[in-house]
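final.pdb follows; it contains PDB, C-alpha atoms, pLDDT in the B column.
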```pdb
ATOM      1  CA  MET A  19     -40.165 -41.493  84.520  1.00 44.00           C
ATOM      2  CA  VAL A  20     -43.781 -42.206  83.696  1.00 43.00           C
ATOM      3  CA  GLU A  21     -45.529 -39.658  81.511  1.00 50.00           C
ATOM      4  CA  ARG A  22     -49.091 -38.856  82.412  1.00 52.00           C
ATOM      5  CA  GLU A  23     -51.781 -39.678  79.897  1.00 58.00           C
ATOM      6  CA  SER A  24     -52.980 -36.663  77.975  1.00 63.00           C
ATOM      7  CA  ARG A  25     -55.205 -36.244  74.980  1.00 79.00           C
ATOM      8  CA  TYR A  26     -52.469 -34.091  73.447  1.00 85.00           C
ATOM      9  CA  ASP A  27     -49.279 -35.420  71.854  1.00 88.00           C
ATOM     10  CA  LEU A  28     -46.317 -34.036  73.825  1.00 88.00           C
ATOM     11  CA  ASN A  29     -43.868 -34.887  71.037  1.00 89.00           C
ATOM     12  CA  ALA A  30     -45.941 -33.046  68.430  1.00 93.00           C
ATOM     13  CA  ILE A  31     -46.300 -30.024  70.709  1.00 93.00           C
ATOM     14  CA  LEU A  32     -42.573 -29.826  71.453  1.00 91.00           C
ATOM     15  CA  LYS A  33     -41.680 -30.341  67.789  1.00 95.00           C
ATOM     16  CA  ALA A  34     -44.109 -27.629  66.697  1.00 94.00           C
ATOM     17  CA  ALA A  35     -42.818 -25.214  69.331  1.00 93.00           C
ATOM     18  CA  SER A  36     -39.180 -25.939  68.476  1.00 94.00           C
ATOM     19  CA  ASP A  37     -39.256 -23.668  65.435  1.00 97.00           C
ATOM     20  CA  PRO A  38     -38.782 -19.907  66.024  1.00 97.00           C
ATOM     21  CA  THR A  39     -41.283 -18.949  63.299  1.00 97.00           C
ATOM     22  CA  ARG A  40     -43.983 -21.151  64.831  1.00 97.00           C
ATOM     23  CA  ARG A  41     -43.253 -19.743  68.299  1.00 96.00           C
ATOM     24  CA  ALA A  42     -43.580 -16.239  66.849  1.00 97.00           C
ATOM     25  CA  ILE A  43     -46.918 -17.179  65.278  1.00 97.00           C
ATOM     26  CA  LEU A  44     -48.162 -18.566  68.614  1.00 96.00           C
ATOM     27  CA  THR A  45     -47.027 -15.423  70.448  1.00 96.00           C
ATOM     28  CA  MET A  46     -48.685 -13.193  67.865  1.00 97.00           C
ATOM     29  CA  LEU A  47     -51.976 -15.093  68.139  1.00 97.00           C
ATOM     30  CA  ALA A  48     -51.855 -15.086  71.944  1.00 95.00           C
ATOM     31  CA  GLN A  49     -51.294 -11.315  71.977  1.00 96.00           C
ATOM     32  CA  GLN A  50     -53.607 -10.249  69.160  1.00 96.00           C
ATOM     33  CA  GLY A  51     -56.283 -12.924  69.066  1.00 95.00           C
ATOM     34  CA  PRO A  52     -57.495 -14.750  65.954  1.00 96.00           C
ATOM     35  CA  LEU A  53     -55.898 -13.582  62.708  1.00 97.00           C
ATOM     36  CA  ARG A  54     -56.339 -14.303  59.025  1.00 95.00           C
ATOM     37  CA  VAL A  55     -53.622 -16.421  57.445  1.00 93.00           C
ATOM     38  CA  THR A  56     -52.706 -13.515  55.159  1.00 93.00           C
ATOM     39  CA  ASP A  57     -52.326 -11.172  58.161  1.00 96.00           C
ATOM     40  CA  ILE A  58     -49.982 -13.660  59.803  1.00 97.00           C
ATOM     41  CA  ALA A  59     -47.981 -14.082  56.594  1.00 96.00           C
ATOM     42  CA  ARG A  60     -47.434 -10.317  56.267  1.00 96.00           C
ATOM     43  CA  GLN A  61     -45.375 -10.406  59.461  1.00 95.00           C
ATOM     44  CA  PHE A  62     -42.760 -12.770  58.000  1.00 96.00           C
ATOM     45  CA  ASP A  63     -40.263 -12.549  55.187  1.00 95.00           C
ATOM     46  CA  MET A  64     -41.465 -15.752  53.523  1.00 95.00           C
ATOM     47  CA  SER A  65     -44.127 -16.908  51.119  1.00 95.00           C
ATOM     48  CA  LEU A  66     -47.747 -17.420  52.064  1.00 94.00           C
ATOM     49  CA  ASN A  67     -47.265 -21.104  51.268  1.00 96.00           C
ATOM     50  CA  SER A  68     -44.377 -21.381  53.779  1.00 96.00           C
ATOM     51  CA  VAL A  69     -46.407 -19.682  56.509  1.00 96.00           C
ATOM     52  CA  SER A  70     -49.326 -22.004  55.732  1.00 95.00           C
ATOM     53  CA  LYS A  71     -47.044 -24.999  56.233  1.00 97.00           C
ATOM     54  CA  HIS A  72     -45.991 -23.658  59.644  1.00 97.00           C
ATOM     55  CA  ILE A  73     -49.651 -23.166  60.554  1.00 97.00           C
ATOM     56  CA  LYS A  74     -50.415 -26.740  59.464  1.00 97.00           C
ATOM     57  CA  VAL A  75     -47.748 -28.061  61.865  1.00 97.00           C
ATOM     58  CA  LEU A  76     -49.307 -25.998  64.660  1.00 97.00           C
ATOM     59  CA  GLU A  77     -52.752 -27.331  63.723  1.00 96.00           C
ATOM     60  CA  ASN A  78     -51.508 -30.928  63.795  1.00 95.00           C
ATOM     61  CA  ALA A  79     -50.149 -30.333  67.303  1.00 95.00           C
ATOM     62  CA  GLU A  80     -53.528 -28.768  68.217  1.00 95.00           C
ATOM     63  CA  LEU A  81     -51.806 -25.528  69.237  1.00 96.00           C
ATOM     64  CA  VAL A  82     -53.957 -23.528  66.833  1.00 97.00           C
ATOM     65  CA  GLN A  83     -57.404 -24.004  65.391  1.00 96.00           C
ATOM     66  CA  ARG A  84     -58.629 -22.821  62.017  1.00 95.00           C
ATOM     67  CA  ARG A  85     -62.141 -21.561  61.609  1.00 93.00           C
ATOM     68  CA  THR A  86     -63.763 -20.302  58.467  1.00 90.00           C
ATOM     69  CA  GLU A  87     -65.929 -17.205  58.392  1.00 86.00           C
ATOM     70  CA  TRP A  88     -67.296 -16.723  54.918  1.00 87.00           C
ATOM     71  CA  ARG A  89     -64.208 -16.834  52.716  1.00 88.00           C
ATOM     72  CA  GLU A  90     -61.719 -16.011  55.429  1.00 88.00           C
ATOM     73  CA  HIS A  91     -59.682 -18.516  57.392  1.00 88.00           C
ATOM     74  CA  LEU A  92     -59.019 -17.339  60.924  1.00 96.00           C
ATOM     75  CA  ILE A  93     -56.296 -18.951  63.014  1.00 97.00           C
ATOM     76  CA  GLU A  94     -56.761 -18.986  66.771  1.00 97.00           C
ATOM     77  CA  VAL A  95     -54.306 -20.109  69.448  1.00 96.00           C
ATOM     78  CA  GLN A  96     -55.317 -23.030  71.684  1.00 95.00           C
ATOM     79  CA  MET A  97     -53.760 -22.913  75.152  1.00 90.00           C
ATOM     80  CA  ALA A  98     -55.054 -26.245  76.497  1.00 90.00           C
ATOM     81  CA  PRO A  99     -52.319 -28.406  74.906  1.00 91.00           C
ATOM     82  CA  LEU A 100     -49.697 -26.411  76.787  1.00 86.00           C
ATOM     83  CA  SER A 101     -50.927 -28.032  80.020  1.00 84.00           C
ATOM     84  CA  THR A 102     -49.349 -31.258  78.711  1.00 84.00           C
ATOM     85  CA  VAL A 103     -45.959 -29.543  78.530  1.00 83.00           C
ATOM     86  CA  ASP A 104     -46.487 -27.976  81.955  1.00 83.00           C
ATOM     87  CA  SER A 105     -47.327 -31.377  83.471  1.00 82.00           C
ATOM     88  CA  TRP A 106     -44.214 -32.916  81.946  1.00 82.00           C
ATOM     89  CA  PHE A 107     -42.008 -30.131  83.334  1.00 77.00           C
ATOM     90  CA  ALA A 108     -43.722 -30.428  86.737  1.00 81.00           C
ATOM     91  CA  GLY A 109     -42.743 -34.105  86.799  1.00 73.00           C
ATOM     92  CA  LEU A 110     -39.145 -33.192  86.027  1.00 76.00           C
ATOM     93  CA  ARG A 111     -39.156 -30.522  88.726  1.00 70.00           C
ATOM     94  CA  SER A 112     -40.453 -32.993  91.326  1.00 68.00           C
ATOM     95  CA  ILE A 113     -37.740 -35.517  90.441  1.00 64.00           C
ATOM     96  CA  TRP A 114     -35.034 -32.878  90.808  1.00 67.00           C
ATOM     97  CA  THR A 115     -36.548 -31.633  94.066  1.00 68.00           C
ATOM     98  CA  LEU A 116     -36.345 -35.162  95.504  1.00 62.00           C
ATOM     99  CA  ARG A 117     -32.763 -35.546  94.308  1.00 64.00           C
ATOM    100  CA  LEU A 118     -31.704 -32.198  95.735  1.00 65.00           C
ATOM    101  CA  ASP A 119     -33.419 -32.989  99.058  1.00 64.00           C
ATOM    102  CA  ALA A 120     -31.520 -36.291  99.219  1.00 65.00           C
ATOM    103  CA  LEU A 121     -28.255 -34.497  98.460  1.00 67.00           C
ATOM    104  CA  GLU A 122     -28.951 -31.908 101.145  1.00 68.00           C
ATOM    105  CA  THR A 123     -29.654 -34.677 103.685  1.00 71.00           C
ATOM    106  CA  ALA A 124     -26.445 -36.481 102.732  1.00 72.00           C
ATOM    107  CA  LEU A 125     -24.404 -33.286 103.081  1.00 74.00           C
ATOM    108  CA  GLU A 126     -25.880 -32.512 106.497  1.00 79.00           C
ATOM    109  CA  GLU A 127     -25.066 -35.929 107.971  1.00 76.00           C
ATOM    110  CA  PRO A 128     -21.922 -35.976 110.117  1.00 75.00           C
ATOM    111  CA  GLU A 129     -18.984 -37.782 108.560  1.00 71.00           C
ATOM    112  CA  ASP A 130     -17.984 -41.115 110.044  1.00 66.00           C
ATOM    113  CA  ASP A 131     -14.193 -40.963 110.399  1.00 64.00           C
ATOM    114  CA  GLY A 132     -13.950 -44.625 111.388  1.00 62.00           C
ATOM    115  CA  SER A 133     -12.713 -44.028 114.960  1.00 62.00           C
ATOM    116  CA  VAL A 134     -14.253 -45.874 117.880  1.00 61.00           C
ATOM    117  CA  THR A 135     -15.287 -43.808 120.890  1.00 56.00           C
TER
END
```

Show this structure as structure tokens.
Amino acid sequence: MVERESRYDLNAILKAASDPTRRAILTMLAQQGPLRVTDIARQFDMSLNSVSKHIKVLENAELVQRRTEWREHLIEVQMAPLSTVDSWFAGLRSIWTLRLDALETALEEPEDDGSVT
């Protein structure tokens, strides 16, 4: 299977999204909009430093973007990289559709029992 070129790194996106804490952070940001790092950290039973590390992984995958307003760091979800994942899954779906269509065709063909008529 040939992967389509994308400016986003599919491996980094999937790795970042593989962790339940990072998925929860993404969901929170998608639902609530940009949040301060400290506001995000309050939602988890872990240190601010641990949450910051999760955010850094999401930043490296370009799933979130940090912006600074005065002394506050706001984290905002970025949905565009998810199109890379969607494209990859679409490719998988098309492969399976072709395979299932071929199976259906094979099952619909009459069996040749070897007798001559």

Do you know which residues the PyMOL selection byres ((chain A and resi 58) around 10) returns on this file, as a ChimeraX atom specification?
/A:42-43,46-47,52-57,59-62,66,69-70,73,92-93

Evaluate the PyMOL selection byres ((chain A and resi 32-38) around 8) against this structure - the residues, as a ChimeraX atom specification, please.
/A:28-31,39-42,75-76,79,103

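Counting from CA of Asn78 (chain A), the distance to CA of Arg111 (chain A) is 27.8 Å.
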
What's the 10 Å shell around Ala98 (chain A), counting only C-alpha atoms, without same-chain residues fewer than 6 positions away, as a list in words?
Tyr26, Glu80 and Leu81 of chain A

Please determine, counting only C-alpha atoms, which residue among A:Ser65, A:Gln50, A:Gln83, A:Thr123 has the shortest atom-to-atom distance to Met97 (chain A).
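Answer, going by the shortest atom-to-atom distance: A:Gln83.
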
Rounded to one decimal, what separation in Å do you get between CA of Ala48 (chain A) and CA of Trp88 (chain A)?
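Interatomic distance, CA of Ala48 (chain A) to CA of Trp88 (chain A): 23.0 Å.
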
Please report the interatomic distance between CA of Gly51 (chain A) and CA of Val95 (chain A) in Å with one decimal.
7.5 Å

Picked residues, the PyMOL selection byres ((chain A and resi 102) around 9), expected as a ChimeraX atom specification
/A:22-28,31,98-101,103-107
